[in-house]
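So this block is input-v3.txt, compact mmCIF, C-alpha atoms:
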```txt
# COMPACT_ATOMS: atom_id res chain seq x y z
CA SER A 288 3.01 4.81 7.90
CA VAL A 289 0.89 7.70 9.20
CA VAL A 290 0.27 10.34 6.53
CA ILE A 291 -0.95 13.77 7.68
CA PRO A 292 -1.72 16.64 5.28
CA THR A 293 -1.27 20.00 6.99
CA LEU A 294 -1.90 23.68 6.40
CA ASN A 295 -1.63 26.08 9.33
CA GLU A 296 -2.41 23.43 11.94
CA GLU A 297 -0.57 24.78 14.99
CA GLY A 298 -3.78 24.65 17.02
CA TYR A 299 -4.52 20.97 16.43
CA LEU A 300 -1.37 19.17 15.33
CA PRO A 301 0.35 18.86 18.76
CA ALA A 302 -2.56 16.84 20.16
CA LEU A 303 -2.54 14.47 17.19
CA LEU A 304 1.21 13.94 17.29
CA GLY A 305 1.10 13.35 21.04
CA SER A 306 -1.59 10.72 20.58
CA LEU A 307 0.68 8.77 18.20
CA CYS A 308 3.38 8.29 20.83
CA GLY A 309 3.75 5.10 22.83
CA SER A 310 2.62 2.66 20.15
CA SER A 311 4.18 -0.78 20.04
CA TYR A 312 4.10 -0.66 16.24
CA PRO A 313 7.13 0.75 14.36
CA LEU A 314 5.53 3.95 13.12
CA GLU A 315 6.76 6.50 10.67
CA VAL A 316 4.93 9.82 10.55
CA ILE A 317 4.85 11.62 7.21
CA ILE A 318 3.75 15.25 7.34
CA VAL A 319 2.96 16.77 3.97
CA ASP A 320 2.76 20.49 4.61
CA ALA A 321 1.26 22.93 2.13
CA ARG A 322 3.62 25.75 3.10
CA SER A 323 2.00 26.69 6.39
CA GLU A 324 2.37 30.27 7.52
CA ASP A 325 2.14 29.52 11.24
CA SER A 326 4.32 27.33 13.50
CA THR A 327 3.18 24.00 12.04
CA ARG A 328 6.59 23.12 10.62
CA ASP A 329 8.35 24.07 13.87
CA ILE A 330 5.98 21.74 15.75
CA VAL A 331 6.87 18.91 13.37
CA THR A 332 10.61 19.57 13.75
CA LYS A 333 10.39 19.50 17.54
CA PHE A 334 8.29 16.33 17.48
CA ALA A 335 10.91 14.67 15.29
CA GLN A 336 13.63 15.61 17.78
CA ASP A 337 11.77 14.58 20.94
CA SER A 338 9.49 11.65 20.06
CA GLY A 339 11.89 8.95 18.89
CA ILE A 340 9.52 8.29 15.98
CA ASP A 341 10.72 8.42 12.38
CA VAL A 342 9.35 11.66 10.94
CA ILE A 343 9.40 12.81 7.33
CA LEU A 344 8.42 16.40 6.47
CA ILE A 345 7.48 17.02 2.86
CA ASP A 346 6.86 20.40 1.28
CA SER A 347 3.82 20.64 -0.99
CA SER A 348 3.16 23.55 -3.31
CA VAL A 349 -0.38 22.25 -3.74
CA ARG A 350 -2.94 22.96 -1.04
CA ARG A 351 -5.25 19.99 -1.50
CA PRO A 352 -5.55 17.07 0.97
CA GLY A 353 -5.88 14.37 -1.70
CA THR A 354 -2.72 15.49 -3.45
CA GLN A 355 -0.84 15.78 -0.17
CA ARG A 356 -1.94 12.32 0.97
CA ASN A 357 -0.72 10.83 -2.30
CA MET A 358 2.63 12.56 -1.90
CA GLY A 359 3.01 11.01 1.54
CA ALA A 360 1.96 7.56 0.36
CA ARG A 361 4.62 7.59 -2.34
CA VAL A 362 7.44 7.81 0.19
CA ALA A 363 5.87 5.51 2.81
CA ARG A 364 7.94 2.45 3.72
CA HIS A 365 5.49 0.37 5.76
CA PRO A 366 2.86 -2.05 4.34
CA VAL A 367 -0.06 -0.27 6.03
CA LEU A 368 -1.01 3.35 5.39
CA MET A 369 -3.02 5.42 7.85
CA PHE A 370 -4.29 8.73 6.51
CA VAL A 371 -5.18 11.08 9.36
CA ASP A 372 -6.40 14.67 9.34
CA ALA A 373 -4.50 17.10 11.54
CA ASP A 374 -7.50 17.85 13.79
CA VAL A 375 -7.84 14.19 14.79
CA ILE A 376 -6.76 12.47 18.02
CA VAL A 377 -6.07 8.71 18.02
CA PRO A 378 -6.87 7.33 21.52
CA SER A 379 -5.04 4.06 20.88
CA VAL A 380 -2.86 3.49 17.84
CA ASP A 381 -2.32 -0.12 18.88
CA ALA A 382 -6.05 -0.85 19.11
CA LEU A 383 -6.79 0.81 15.78
CA VAL A 384 -3.94 -0.69 13.79
CA GLY A 385 -4.30 -4.05 15.53
CA GLU A 386 -7.98 -4.27 14.64
CA TYR A 387 -7.23 -3.42 11.03
CA ILE A 388 -4.40 -5.95 10.72
CA GLU A 389 -6.59 -8.70 12.17
CA SER A 390 -9.43 -7.87 9.78
CA THR A 391 -9.86 -8.98 6.18
CA PHE A 392 -10.32 -5.43 4.92
CA ASP A 393 -8.18 -3.98 2.15
CA ILE A 394 -9.26 -0.51 3.26
CA ALA A 395 -11.22 0.70 6.27
CA ASN A 396 -12.58 3.75 8.04
CA ALA A 397 -12.06 4.28 11.76
CA ARG A 398 -15.10 5.01 13.91
CA LEU A 399 -15.41 8.77 14.17
CA VAL A 400 -16.35 10.39 17.47
CA HIS A 401 -16.21 13.98 18.68
CA HIS A 402 -13.52 15.49 20.84
CA PRO A 403 -14.71 15.13 24.48
CA HIS A 404 -15.02 18.89 25.07
CA GLU A 405 -17.31 19.24 22.03
CA GLY A 406 -19.81 16.63 23.15
CA THR A 407 -23.15 18.43 23.00
CA LEU A 408 -26.32 16.38 22.51
CA PHE A 409 -26.57 17.62 18.93
CA ILE A 410 -22.99 16.61 18.14
CA LYS A 411 -23.42 13.17 19.72
CA SER A 412 -26.58 12.62 17.69
CA LEU A 413 -24.82 13.75 14.53
CA PHE A 414 -22.08 11.14 14.91
CA MET A 415 -24.63 8.40 15.65
CA VAL A 416 -26.47 9.29 12.44
CA LEU A 417 -23.21 9.31 10.47
CA ARG A 418 -22.27 5.86 11.74
CA ALA A 419 -25.69 4.41 10.95
CA PHE A 420 -25.56 5.97 7.50
CA GLN A 421 -22.09 4.54 6.83
CA ARG A 422 -23.24 1.07 7.84
CA THR A 423 -26.27 1.29 5.59
CA MET A 424 -24.25 2.43 2.59
CA LEU A 425 -21.64 -0.27 3.19
CA ALA A 426 -24.36 -2.93 3.26
CA PHE A 427 -25.14 -1.94 -0.33
CA ASN A 428 -21.43 -1.98 -1.22
CA ARG A 429 -21.41 1.79 -1.60
CA PRO A 430 -19.04 2.82 1.20
CA PHE A 431 -19.05 6.41 2.34
CA PHE A 432 -15.70 6.90 4.04
CA ALA A 433 -14.68 10.05 5.87
CA GLY A 434 -11.12 11.20 5.27
CA ALA A 435 -10.45 11.93 8.95
CA CYS A 436 -8.92 8.46 9.32
CA ILE A 437 -8.65 5.92 6.51
CA ILE A 438 -6.41 2.85 6.76
CA ALA A 439 -5.35 0.82 3.75
CA LYS A 440 -2.84 -1.74 2.60
CA ARG A 441 -0.17 0.16 0.71
CA ASP A 442 -0.25 -2.24 -2.26
CA PHE A 443 -4.03 -1.92 -2.49
CA PHE A 444 -3.86 1.86 -2.30
CA THR A 445 -1.34 1.78 -5.15
CA ARG A 446 -3.73 -0.36 -7.22
CA LEU A 447 -6.35 2.35 -6.73
CA SER A 448 -3.86 4.98 -7.98
CA GLY A 449 -4.49 6.81 -4.73
CA PHE A 450 -6.84 9.72 -4.21
CA ASP A 451 -8.22 11.46 -7.28
CA GLU A 452 -6.22 14.69 -7.27
CA SER A 453 -8.69 16.42 -9.57
CA LEU A 454 -11.26 16.45 -6.76
CA ALA A 455 -11.29 19.35 -4.33
CA LEU A 456 -14.10 17.77 -2.33
CA ALA A 457 -15.23 14.23 -1.44
CA GLU A 458 -12.01 12.59 -2.60
CA ASP A 459 -12.39 10.29 0.42
CA VAL A 460 -15.82 9.07 -0.67
CA ASP A 461 -14.60 8.63 -4.24
CA LEU A 462 -11.68 6.53 -3.00
CA SER A 463 -13.96 4.24 -1.01
CA ARG A 464 -16.37 3.81 -3.92
CA ARG A 465 -13.53 2.81 -6.25
CA ALA A 466 -12.09 0.53 -3.59
CA ALA A 467 -15.38 -1.35 -3.27
CA LYS A 468 -15.16 -2.34 -6.92
CA ILE A 469 -11.89 -4.26 -6.55
CA GLY A 470 -11.45 -5.00 -2.85
CA THR A 471 -12.97 -5.35 0.60
CA CYS A 472 -14.04 -2.27 2.53
CA GLY A 473 -14.98 -2.10 6.19
CA LEU A 474 -15.78 0.02 9.22
CA LEU A 475 -13.61 -0.42 12.29
CA SER A 476 -14.94 -0.20 15.83
CA SER A 477 -11.80 1.48 17.17
CA PRO A 478 -12.45 5.23 17.47
CA VAL A 479 -10.63 8.39 16.57
CA SER A 480 -11.95 11.77 17.66
CA THR A 481 -12.22 14.73 15.33
CA SER A 482 -12.92 18.42 15.76
CA MET A 483 -16.10 20.28 14.89
CA ARG A 484 -14.33 23.15 13.15
CA ARG A 485 -16.22 22.59 9.89
CA LEU A 486 -19.54 22.92 11.68
CA ASP A 487 -18.25 26.04 13.41
CA THR A 488 -17.97 27.78 10.03
CA LEU A 489 -21.14 26.30 8.50
CA ARG A 490 -23.77 28.92 7.65
CA LEU A 491 -27.38 28.55 6.53
CA ARG A 492 -26.59 29.09 2.86
CA ASN A 493 -23.87 26.43 3.07
CA PHE A 494 -26.25 24.01 4.75
CA LEU A 495 -28.93 24.56 2.09
CA ALA A 496 -26.36 23.93 -0.63
CA LEU A 497 -25.37 20.67 1.06
CA LEU A 498 -29.01 19.56 1.18
CA ARG A 499 -29.46 20.42 -2.50
CA ALA A 500 -26.39 18.40 -3.44
CA SER A 501 -27.21 15.37 -1.29
CA PRO A 502 -29.08 13.21 -3.89
CA HIS A 503 -26.32 13.61 -6.48
CA PHE A 504 -23.61 13.19 -3.87
CA LEU A 505 -25.07 9.99 -2.39
CA THR A 506 -25.73 8.28 -5.68
CA SER A 507 -22.52 9.15 -7.52
CA GLY A 508 -20.07 9.54 -4.63
CA ARG A 509 -18.91 12.82 -6.16
CA ALA A 510 -19.83 16.32 -5.11
CA PRO A 511 -21.31 18.65 -7.76
CA HIS A 512 -19.04 21.51 -8.70
CA TYR A 513 -21.24 24.25 -7.23
CA LEU A 514 -20.93 22.70 -3.76
CA ILE A 515 -17.23 23.52 -3.55
CA GLU A 516 -17.84 27.21 -2.87
CA HIS A 517 -20.21 26.35 -0.01
CA TYR A 518 -18.36 23.57 1.78
CA PRO A 519 -16.44 24.49 4.99
CA PHE A 520 -12.97 23.13 4.21
CA GLY A 521 -11.29 23.96 7.52
CA ASN A 522 -7.90 25.45 6.65
CA PHE A 523 -7.93 24.14 3.06
CA LYS A 524 -9.69 26.96 1.25
```
Could you render the structure as structure tokens?
Amino acid sequence: SVVIPTLNEEGYLPALLGSLCGSSYPLEVIIVDARSEDSTRDIVTKFAQDSGIDVILIDSSVRRPGTQRNMGARVARHPVLMFVDADVIVPSVDALVGEYIESTFDIANARLVHHPHEGTLFIKSLFMVLRAFQRTMLAFNRPFFAGACIIAKRDFFTRLSGFDESLALAEDVDLSRRAAKIGTCGLLSSPVSTSMRRLDTLRLRNFLALLRASPHFLTSGRAPHYLIEHYPFGNFK
């Protein structure tokens, strides 16, 4: 079950949905839309008509990814949940899901890479640093998952009570930290690509706030409250 939280994603969603087609696995795609004001819902409707994939469109009055992901998980029918952000592209669903199923992980993070057209040297270096950092944190059983693509066993996700809906930021890291206490976490080698839209809106004052928050963030897995006003949320503002 692929769960996608959306809010005004007409620019990115078609590429993600297209990348989900052709899988040998019996997918269902659950879109939890926070009342988009663009053509997002029309894109979902057309995809449901043309793709041959089971599609569920849920209306959410709450504009918060963690809440929307939980709403999708509650109606999911398959034993594996894949939470994917709308600005992601999955090069091979079969490779990603197959690797997860063959692993011993209760929950895992896909390997994040940049979209090919955004591949500057700085961006490439940034993703290499992120991967090395994730591996280091995981070695100390303090996983630092990114919400762009998280895969979990549905029963395990239920045991975790899902994402913490009180968190506006870093609900993905919080989920992985709680998961490490009762289950097995891992990093998959299969990639998904994600956009750089958050960096596009990052300004110096935001960057300085992120640096200031880093020690607290890394040790607790939770972002301090003052960071919320500085973090580039994409469409979720």
Notebook entry, point to check: Hey, can you check how far CA of Thr327 in chain A sits from CA of Glu405 in chain A?
Noted result: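 Interatomic distance, CA of Thr327 in chain A to CA of Glu405 in chain A: 23.3 Å.
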Next item on the list: Show which residues sit within 7 Å of Glu315 in chain A, as a PyMOL selection string. Count all atoms listed in the file, and ignore same-chain residues fewer than 2 positions away.
Entry: chain A and resi 288-289+313+317+340-342
Next item on the list: Please provide as a list of chain:residue names all residues within 7 Å of Ile376 in chain A, with the sequence filter that same-chain residues fewer than 3 positions apart are discarded (counting all atoms listed in the file).
Entry: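 The neighbour list is A:Ala302, A:Leu303, A:Ser306, A:Val479, A:Ser480, A:Thr481.
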For the selection just defined, write its residues with C-alpha atoms to a file, as a PDB file, in the frame of the given file.
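Saved the output as part_22.pdb:
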```
ATOM      1  CA  ALA A 302      -2.560  16.840  20.160  1.00  0.00           C
ATOM      2  CA  LEU A 303      -2.540  14.470  17.190  1.00  0.00           C
ATOM      3  CA  SER A 306      -1.590  10.720  20.580  1.00  0.00           C
ATOM      4  CA  VAL A 479     -10.630   8.390  16.570  1.00  0.00           C
ATOM      5  CA  SER A 480     -11.950  11.770  17.660  1.00  0.00           C
ATOM      6  CA  THR A 481     -12.220  14.730  15.330  1.00  0.00           C
TER       7      THR A 481
END
```
Margin query: As an exercise, work out the distance from CA of Pro430 in chain A to CA of Gly473 in chain A in Å and give it to one decimal place.
Written below: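 According to the coordinates, CA of Pro430 in chain A and CA of Gly473 in chain A are separated by 8.1 Å.
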Next item on the list: Identify, on the basis of only C-alpha atoms, every residue whose closest approach to Asp325 in chain A does not exceed 9 Å; exclude the query and any residue fewer than 3 positions from it along the same chain; express the result as a list in words.
Entry: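 The neighbour list is Leu294, Asn295, Glu296, Glu297, Arg328 and Asp329 of chain A.
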Next item on the list: Check the smallest atom-to-atom distance from each of A:Ala426, A:Ile410, A:Leu344, A:Leu447 to Asp461 in chain A using all atoms listed in the file, then report the winner.
Entry: A:Leu447
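Coordinates place CA of Leu474 in chain A at a distance of 5.1 Å from CA of Asn396 in chain A.
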Margin query: Neighbouring residues of Gly434 in chain A were defined as those with any atom within 10 Å, considering all atoms listed in the file; residues of the same chain fewer than 4 positions away were excluded. Please report them as a ChimeraX atom specification.
Written below: /A:352-353,370-372,396-397,438,457-460,462-463
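Checking A:Ala363, A:Val384, A:Ala373, A:Val416 one by one against Phe444 in chain A, counting all atoms listed in the file, you find the shortest gap at A:Ala363.
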Notebook entry, point to check: For Arg464 in chain A, which of A:Ser482, A:Asn428, A:Ser477, A:Gln336 is the closest residue, counting all atoms listed in the file?
Noted result: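 Among the listed residues, A:Asn428 lies closest to Arg464 in chain A.
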Notebook entry, point to check: For Cys436 in chain A, which of A:His404, A:Arg484, A:Lys411, A:Arg356 is the closest residue, counting all atoms listed in the file?
Noted result: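 When distances to Cys436 in chain A are compared using all atoms listed in the file, the smallest one comes from A:Arg356.
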Next item on the list: May I ask which of the residues A:Val377, A:Met369, A:Ile469, A:Ala395 is the closest one to Phe432 in chain A, counting all atoms listed in the file?
Entry: A:Ala395
Next item on the list: For each of A:Asp381, A:Glu452, A:Asp442, A:Asp320, take the minimum atom-to-atom distance to Leu307 in chain A, counting only C-alpha atoms, then give the residue where this is smallest.
Entry: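 Counting only C-alpha atoms, the residue closest to Leu307 in chain A is A:Asp381.
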Write range 423-439 of chain A as a PDB file, keeping the file's coordinate frame, completed to N, CA, C and O atoms.
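New file result_20.pdb:
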```
ATOM      1  N   THR A 423     -25.240   1.550   6.599  1.00  0.00           N
ATOM      2  CA  THR A 423     -26.270   1.290   5.590  1.00  0.00           C
ATOM      3  C   THR A 423     -25.662   1.317   4.192  1.00  0.00           C
ATOM      4  O   THR A 423     -25.913   0.421   3.372  1.00  0.00           O
ATOM      5  N   MET A 424     -24.868   2.329   3.909  1.00  0.00           N
ATOM      6  CA  MET A 424     -24.250   2.430   2.590  1.00  0.00           C
ATOM      7  C   MET A 424     -23.307   1.264   2.331  1.00  0.00           C
ATOM      8  O   MET A 424     -23.258   0.730   1.221  1.00  0.00           O
ATOM      9  N   LEU A 425     -22.572   0.848   3.356  1.00  0.00           N
ATOM     10  CA  LEU A 425     -21.640  -0.270   3.190  1.00  0.00           C
ATOM     11  C   LEU A 425     -22.384  -1.560   2.899  1.00  0.00           C
ATOM     12  O   LEU A 425     -21.898  -2.414   2.141  1.00  0.00           O
ATOM     13  N   ALA A 426     -23.559  -1.721   3.492  1.00  0.00           N
ATOM     14  CA  ALA A 426     -24.360  -2.930   3.260  1.00  0.00           C
ATOM     15  C   ALA A 426     -24.744  -3.071   1.787  1.00  0.00           C
ATOM     16  O   ALA A 426     -24.950  -4.184   1.293  1.00  0.00           O
ATOM     17  N   PHE A 427     -24.827  -1.936   1.098  1.00  0.00           N
ATOM     18  CA  PHE A 427     -25.140  -1.940  -0.330  1.00  0.00           C
ATOM     19  C   PHE A 427     -23.864  -1.822  -1.183  1.00  0.00           C
ATOM     20  O   PHE A 427     -23.945  -1.529  -2.380  1.00  0.00           O
ATOM     21  N   ASN A 428     -22.731  -2.061  -0.556  1.00  0.00           N
ATOM     22  CA  ASN A 428     -21.430  -1.980  -1.220  1.00  0.00           C
ATOM     23  C   ASN A 428     -21.194  -0.623  -1.853  1.00  0.00           C
ATOM     24  O   ASN A 428     -20.587  -0.512  -2.921  1.00  0.00           O
ATOM     25  N   ARG A 429     -21.649   0.415  -1.162  1.00  0.00           N
ATOM     26  CA  ARG A 429     -21.410   1.790  -1.600  1.00  0.00           C
ATOM     27  C   ARG A 429     -20.827   2.562  -0.414  1.00  0.00           C
ATOM     28  O   ARG A 429     -21.474   3.453   0.142  1.00  0.00           O
ATOM     29  N   PRO A 430     -19.622   2.207  -0.008  1.00  0.00           N
ATOM     30  CA  PRO A 430     -19.040   2.820   1.200  1.00  0.00           C
ATOM     31  C   PRO A 430     -18.939   4.330   1.094  1.00  0.00           C
ATOM     32  O   PRO A 430     -18.721   4.883   0.014  1.00  0.00           O
ATOM     33  N   PHE A 431     -19.072   4.959   2.248  1.00  0.00           N
ATOM     34  CA  PHE A 431     -19.050   6.410   2.340  1.00  0.00           C
ATOM     35  C   PHE A 431     -18.046   6.780   3.417  1.00  0.00           C
ATOM     36  O   PHE A 431     -18.398   7.097   4.546  1.00  0.00           O
ATOM     37  N   PHE A 432     -16.757   6.682   3.062  1.00  0.00           N
ATOM     38  CA  PHE A 432     -15.700   6.900   4.040  1.00  0.00           C
ATOM     39  C   PHE A 432     -15.445   8.390   4.264  1.00  0.00           C
ATOM     40  O   PHE A 432     -15.548   9.196   3.345  1.00  0.00           O
ATOM     41  N   ALA A 433     -15.095   8.699   5.510  1.00  0.00           N
ATOM     42  CA  ALA A 433     -14.680  10.050   5.870  1.00  0.00           C
ATOM     43  C   ALA A 433     -13.165  10.095   5.940  1.00  0.00           C
ATOM     44  O   ALA A 433     -12.530   9.211   6.521  1.00  0.00           O
ATOM     45  N   GLY A 434     -12.570  11.136   5.384  1.00  0.00           N
ATOM     46  CA  GLY A 434     -11.120  11.200   5.270  1.00  0.00           C
ATOM     47  C   GLY A 434     -10.383  11.444   6.569  1.00  0.00           C
ATOM     48  O   GLY A 434      -9.153  11.434   6.579  1.00  0.00           O
ATOM     49  N   ALA A 435     -11.104  11.658   7.665  1.00  0.00           N
ATOM     50  CA  ALA A 435     -10.450  11.930   8.950  1.00  0.00           C
ATOM     51  C   ALA A 435      -9.483  10.829   9.342  1.00  0.00           C
ATOM     52  O   ALA A 435      -8.420  11.091   9.916  1.00  0.00           O
ATOM     53  N   CYS A 436      -9.830   9.575   9.038  1.00  0.00           N
ATOM     54  CA  CYS A 436      -8.920   8.460   9.320  1.00  0.00           C
ATOM     55  C   CYS A 436      -9.266   7.265   8.453  1.00  0.00           C
ATOM     56  O   CYS A 436     -10.232   6.541   8.733  1.00  0.00           O
ATOM     57  N   ILE A 437      -8.489   7.062   7.419  1.00  0.00           N
ATOM     58  CA  ILE A 437      -8.650   5.920   6.510  1.00  0.00           C
ATOM     59  C   ILE A 437      -7.378   5.087   6.573  1.00  0.00           C
ATOM     60  O   ILE A 437      -6.272   5.611   6.515  1.00  0.00           O
ATOM     61  N   ILE A 438      -7.550   3.772   6.707  1.00  0.00           N
ATOM     62  CA  ILE A 438      -6.410   2.850   6.760  1.00  0.00           C
ATOM     63  C   ILE A 438      -6.493   1.893   5.575  1.00  0.00           C
ATOM     64  O   ILE A 438      -7.570   1.371   5.258  1.00  0.00           O
ATOM     65  N   ALA A 439      -5.367   1.675   4.929  1.00  0.00           N
ATOM     66  CA  ALA A 439      -5.350   0.820   3.750  1.00  0.00           C
ATOM     67  C   ALA A 439      -4.027   0.087   3.620  1.00  0.00           C
ATOM     68  O   ALA A 439      -2.992   0.564   4.097  1.00  0.00           O
TER      69      ALA A 439
END
```
